[in-house]
Amino acid sequence: MVKKTAIGIGSVVILSGLIFGTSVWSYMRTVGGMAHAAAEDAIPVKLQIERAKDMLRNDLEPEINRLKKEVISLRVDIERKENTHARRADELADQRYAMMKRTEELESGKTTFKVSDASYSKADLEKDLETRLGRYEIAESTFKHEGQVLNAKMKALEAAEKKIQAFITARTDVSLQIEELEARLKAVEAEEAINEIQVDDSKLSRIQTLLSDLDADVSVREQTVDAEGQRLTDLIPIEDEAAATNVVDRARALLGTETFEKVADNN
């Protein structure tokens, strides 16, 4: 199966070469790029955000840690070289002082010299000065070379520290961008969830229709009651004689005048 596939792909390439000539690779690269872009577009945004987090965690963080270790190593090396350089500077100063003293001795005009209870000729001192001068020249050359190396390492340290700071700033910016994208994605997903909710309007419509019908029925009954009340109040009312009789007259009719007067005489 693999062999047939390889043969098929080879045939397509050969046929494309015959048709398009040397431009076939450009077309294939273009098609490949379009396919890659289409594949990336098919990946969910949430998965792409997780991929960005993974790149931040597994690509950028290790690089920052590597640079930090490199900076620490450079600092230790620079400190060691600075100590060595300072010690060599002191040694060069001592050598210059010794050569100066030896030169002054040779310029004194003496032919013999006594040093540490030992006698030396002028030739001996000249040879000693020549040896000291040769050693000094080598030490001075080494000192200058070490200084150049030290300066280069200090520049490298400065560049590494700036790079770390740039990476840390970039990490902060990327983290904030990821958080912002996550928040925006959640907001969009919430809106999409609301839009996807299916509401059955028919039930609400039936309730609204029922209420409208009930409102009409109640209105008709209210108007009917009002109309009947108006017909009754348009006529002259008839007084009830029993109800209209004065209560004093009713009491006099019951007690009579005689009984009332007798009670009054006794008082």
# chains A, B, ... in the order shown; residues from 1 in each chain; ligands from 1
$ residues_around --residues "A:Leu133" --least-positions-apart "6" --cutoff "9 Å" --atoms "only C-alpha atoms" --output "list in words"
Gln95, Arg96 and Met99 of chain A
$ residues_around --residues "stretch 87-91 of chain A" --least-positions-apart "6" --cutoff "12 Å" --atoms "only C-alpha atoms" --output "PyMOL selection string"
chain A and resi 80-81+97-98+135-136+138-147
$ write_last_selection --atoms "N, CA and C atoms" --output "PDB file, in the first residue's frame"
ATOM      1  N   ARG A  80      35.935  35.816  39.044  1.00  0.00           N
ATOM      2  CA  ARG A  80      37.226  35.114  39.169  1.00  0.00           C
ATOM      3  C   ARG A  80      38.301  35.794  38.319  1.00  0.00           C
ATOM      4  N   LYS A  81      37.944  36.173  37.103  1.00  0.00           N
ATOM      5  CA  LYS A  81      38.914  36.818  36.212  1.00  0.00           C
ATOM      6  C   LYS A  81      39.268  38.220  36.720  1.00  0.00           C
ATOM      7  N   TYR A  97      58.559  48.210  39.430  1.00  0.00           N
ATOM      8  CA  TYR A  97      59.344  48.822  40.513  1.00  0.00           C
ATOM      9  C   TYR A  97      60.738  48.194  40.594  1.00  0.00           C
ATOM     10  N   ALA A  98      60.773  46.841  40.465  1.00  0.00           N
ATOM     11  CA  ALA A  98      62.076  46.161  40.521  1.00  0.00           C
ATOM     12  C   ALA A  98      62.966  46.564  39.353  1.00  0.00           C
ATOM     13  N   ARG A 135      60.391  38.954  30.948  1.00  0.00           N
ATOM     14  CA  ARG A 135      59.263  38.402  31.696  1.00  0.00           C
ATOM     15  C   ARG A 135      58.132  39.422  31.837  1.00  0.00           C
ATOM     16  N   TYR A 136      58.551  40.690  32.015  1.00  0.00           N
ATOM     17  CA  TYR A 136      57.522  41.735  32.164  1.00  0.00           C
ATOM     18  C   TYR A 136      56.726  41.893  30.867  1.00  0.00           C
ATOM     19  N   ILE A 138      56.124  39.660  28.607  1.00  0.00           N
ATOM     20  CA  ILE A 138      55.187  38.538  28.475  1.00  0.00           C
ATOM     21  C   ILE A 138      54.001  38.706  29.421  1.00  0.00           C
ATOM     22  N   ALA A 139      54.291  39.082  30.682  1.00  0.00           N
ATOM     23  CA  ALA A 139      53.222  39.270  31.671  1.00  0.00           C
ATOM     24  C   ALA A 139      52.290  40.407  31.269  1.00  0.00           C
ATOM     25  N   GLU A 140      52.872  41.474  30.710  1.00  0.00           N
ATOM     26  CA  GLU A 140      52.043  42.601  30.288  1.00  0.00           C
ATOM     27  C   GLU A 140      51.141  42.214  29.121  1.00  0.00           C
ATOM     28  N   SER A 141      51.673  41.434  28.173  1.00  0.00           N
ATOM     29  CA  SER A 141      50.868  40.973  27.044  1.00  0.00           C
ATOM     30  C   SER A 141      49.725  40.076  27.527  1.00  0.00           C
ATOM     31  N   THR A 142      50.050  39.199  28.468  1.00  0.00           N
ATOM     32  CA  THR A 142      49.011  38.340  29.040  1.00  0.00           C
ATOM     33  C   THR A 142      47.956  39.172  29.759  1.00  0.00           C
ATOM     34  N   PHE A 143      48.420  40.194  30.486  1.00  0.00           N
ATOM     35  CA  PHE A 143      47.504  41.072  31.219  1.00  0.00           C
ATOM     36  C   PHE A 143      46.537  41.783  30.267  1.00  0.00           C
ATOM     37  N   LYS A 144      47.080  42.291  29.153  1.00  0.00           N
ATOM     38  CA  LYS A 144      46.224  42.970  28.180  1.00  0.00           C
ATOM     39  C   LYS A 144      45.220  41.999  27.553  1.00  0.00           C
ATOM     40  N   HIS A 145      45.691  40.787  27.253  1.00  0.00           N
ATOM     41  CA  HIS A 145      44.787  39.785  26.660  1.00  0.00           C
ATOM     42  C   HIS A 145      43.678  39.410  27.645  1.00  0.00           C
ATOM     43  N   GLU A 146      44.067  39.235  28.902  1.00  0.00           N
ATOM     44  CA  GLU A 146      43.058  38.914  29.915  1.00  0.00           C
ATOM     45  C   GLU A 146      42.061  40.062  30.070  1.00  0.00           C
ATOM     46  N   GLY A 147      42.539  41.292  29.962  1.00  0.00           N
ATOM     47  CA  GLY A 147      41.638  42.439  30.043  1.00  0.00           C
ATOM     48  C   GLY A 147      40.638  42.459  28.899  1.00  0.00           C
TER      49      GLY A 147
END
$ atom_distance --atom1 "atom CA of A:Leu92" --atom2 "atom CA of A:Gly134"
12.3 Å
$ residues_around --residues "stretch 166-169 of chain A" --least-positions-apart "4" --cutoff "9 Å" --atoms "only C-alpha atoms" --output "ChimeraX atom specification"
/A:60-61,63-64,161-162,173-174
$ residues_around --residues "stretch 176-193 of chain A" --least-positions-apart "3" --cutoff "8 Å" --atoms "only C-alpha atoms" --output "MDAnalysis selection string"
chainID A and resid 46 49 52:53 172:173 196:197
$ write_last_selection --atoms "C-alpha atoms" --output "PDB file, in the first residue's frame"
ATOM      1  CA  LYS A  46      -9.587  27.134  22.791  1.00  0.00           C
ATOM      2  CA  ILE A  49      -4.916  29.131  23.333  1.00  0.00           C
ATOM      3  CA  ALA A  52       0.074  29.139  23.307  1.00  0.00           C
ATOM      4  CA  LYS A  53       0.158  28.331  27.038  1.00  0.00           C
ATOM      5  CA  THR A 172       4.384  39.040  30.926  1.00  0.00           C
ATOM      6  CA  ASP A 173       2.902  40.516  27.753  1.00  0.00           C
ATOM      7  CA  GLU A 196     -28.516  28.823  20.823  1.00  0.00           C
ATOM      8  CA  ILE A 197     -31.295  28.650  23.449  1.00  0.00           C
TER       9      ILE A 197
END
$ atom_distance --atom1 "atom CA of A:Gln148" --atom2 "atom CA of A:Lys163"
22.4 Å
$ select_by_dssp --residues "stretch 16-153 of chain A" --states "alpha helix (DSSP H)" --output "PyMOL selection string"
chain A and resi 16-20+24-42+45-55+61-106+122-153
$ atom_distance --atom1 "atom CA of A:Phe113" --atom2 "atom CA of A:Leu125"
8.2 Å
$ closest_residue --among "A:Lys127, A:Arg206, A:Arg221, A:Lys155" --to "A:Thr103" --atoms "only C-alpha atoms"
A:Lys127
$ closest_residue --among "A:Ile164, A:Ala216, A:Ala123, A:Ile78" --to "A:Glu105" --atoms "only C-alpha atoms"
A:Ala123
$ decode --residues "stretch 89-127 of chain A" --atoms "C-alpha atoms" --output "mmCIF file, in the first residue's frame"
data_model
loop_
_atom_site.group_PDB
_atom_site.id
_atom_site.type_symbol
_atom_site.label_atom_id
_atom_site.label_comp_id
_atom_site.auth_asym_id
_atom_site.auth_seq_id
_atom_site.Cartn_x
_atom_site.Cartn_y
_atom_site.Cartn_z
ATOM 1 C CA ALA A 89 48.182 44.170 37.904
ATOM 2 C CA ASP A 90 49.819 44.192 41.335
ATOM 3 C CA GLU A 91 52.476 41.777 40.088
ATOM 4 C CA LEU A 92 53.187 44.001 37.080
ATOM 5 C CA ALA A 93 53.519 46.988 39.393
ATOM 6 C CA ASP A 94 56.028 45.082 41.514
ATOM 7 C CA GLN A 95 57.983 44.071 38.398
ATOM 8 C CA ARG A 96 58.074 47.653 37.122
ATOM 9 C CA TYR A 97 59.344 48.822 40.513
ATOM 10 C CA ALA A 98 62.076 46.161 40.521
ATOM 11 C CA MET A 99 63.191 47.068 36.968
ATOM 12 C CA MET A 100 63.247 50.749 37.919
ATOM 13 C CA LYS A 101 65.507 50.014 40.898
ATOM 14 C CA ARG A 102 67.772 47.817 38.768
ATOM 15 C CA THR A 103 67.960 50.513 36.088
ATOM 16 C CA GLU A 104 68.902 53.135 38.691
ATOM 17 C CA GLU A 105 71.657 50.818 39.982
ATOM 18 C CA LEU A 106 73.078 50.374 36.478
ATOM 19 C CA GLU A 107 72.893 54.112 35.853
ATOM 20 C CA SER A 108 74.858 54.805 39.055
ATOM 21 C CA GLY A 109 78.211 54.236 37.280
ATOM 22 C CA LYS A 110 79.284 51.410 39.603
ATOM 23 C CA THR A 111 80.989 48.303 38.261
ATOM 24 C CA THR A 112 80.258 45.990 41.165
ATOM 25 C CA PHE A 113 77.144 45.685 43.244
ATOM 26 C CA LYS A 114 76.404 44.016 46.587
ATOM 27 C CA VAL A 115 72.929 42.577 46.960
ATOM 28 C CA SER A 116 71.884 40.478 49.985
ATOM 29 C CA ASP A 117 75.513 39.918 51.018
ATOM 30 C CA ALA A 118 76.395 38.792 47.479
ATOM 31 C CA SER A 119 78.541 40.684 44.967
ATOM 32 C CA TYR A 120 77.464 41.066 41.337
ATOM 33 C CA SER A 121 79.126 42.683 38.370
ATOM 34 C CA LYS A 122 77.509 45.207 36.094
ATOM 35 C CA ALA A 123 77.121 42.508 33.462
ATOM 36 C CA ASP A 124 75.264 40.337 35.976
ATOM 37 C CA LEU A 125 72.813 43.136 36.736
ATOM 38 C CA GLU A 126 72.362 43.912 33.027
ATOM 39 C CA LYS A 127 71.515 40.255 32.366
#
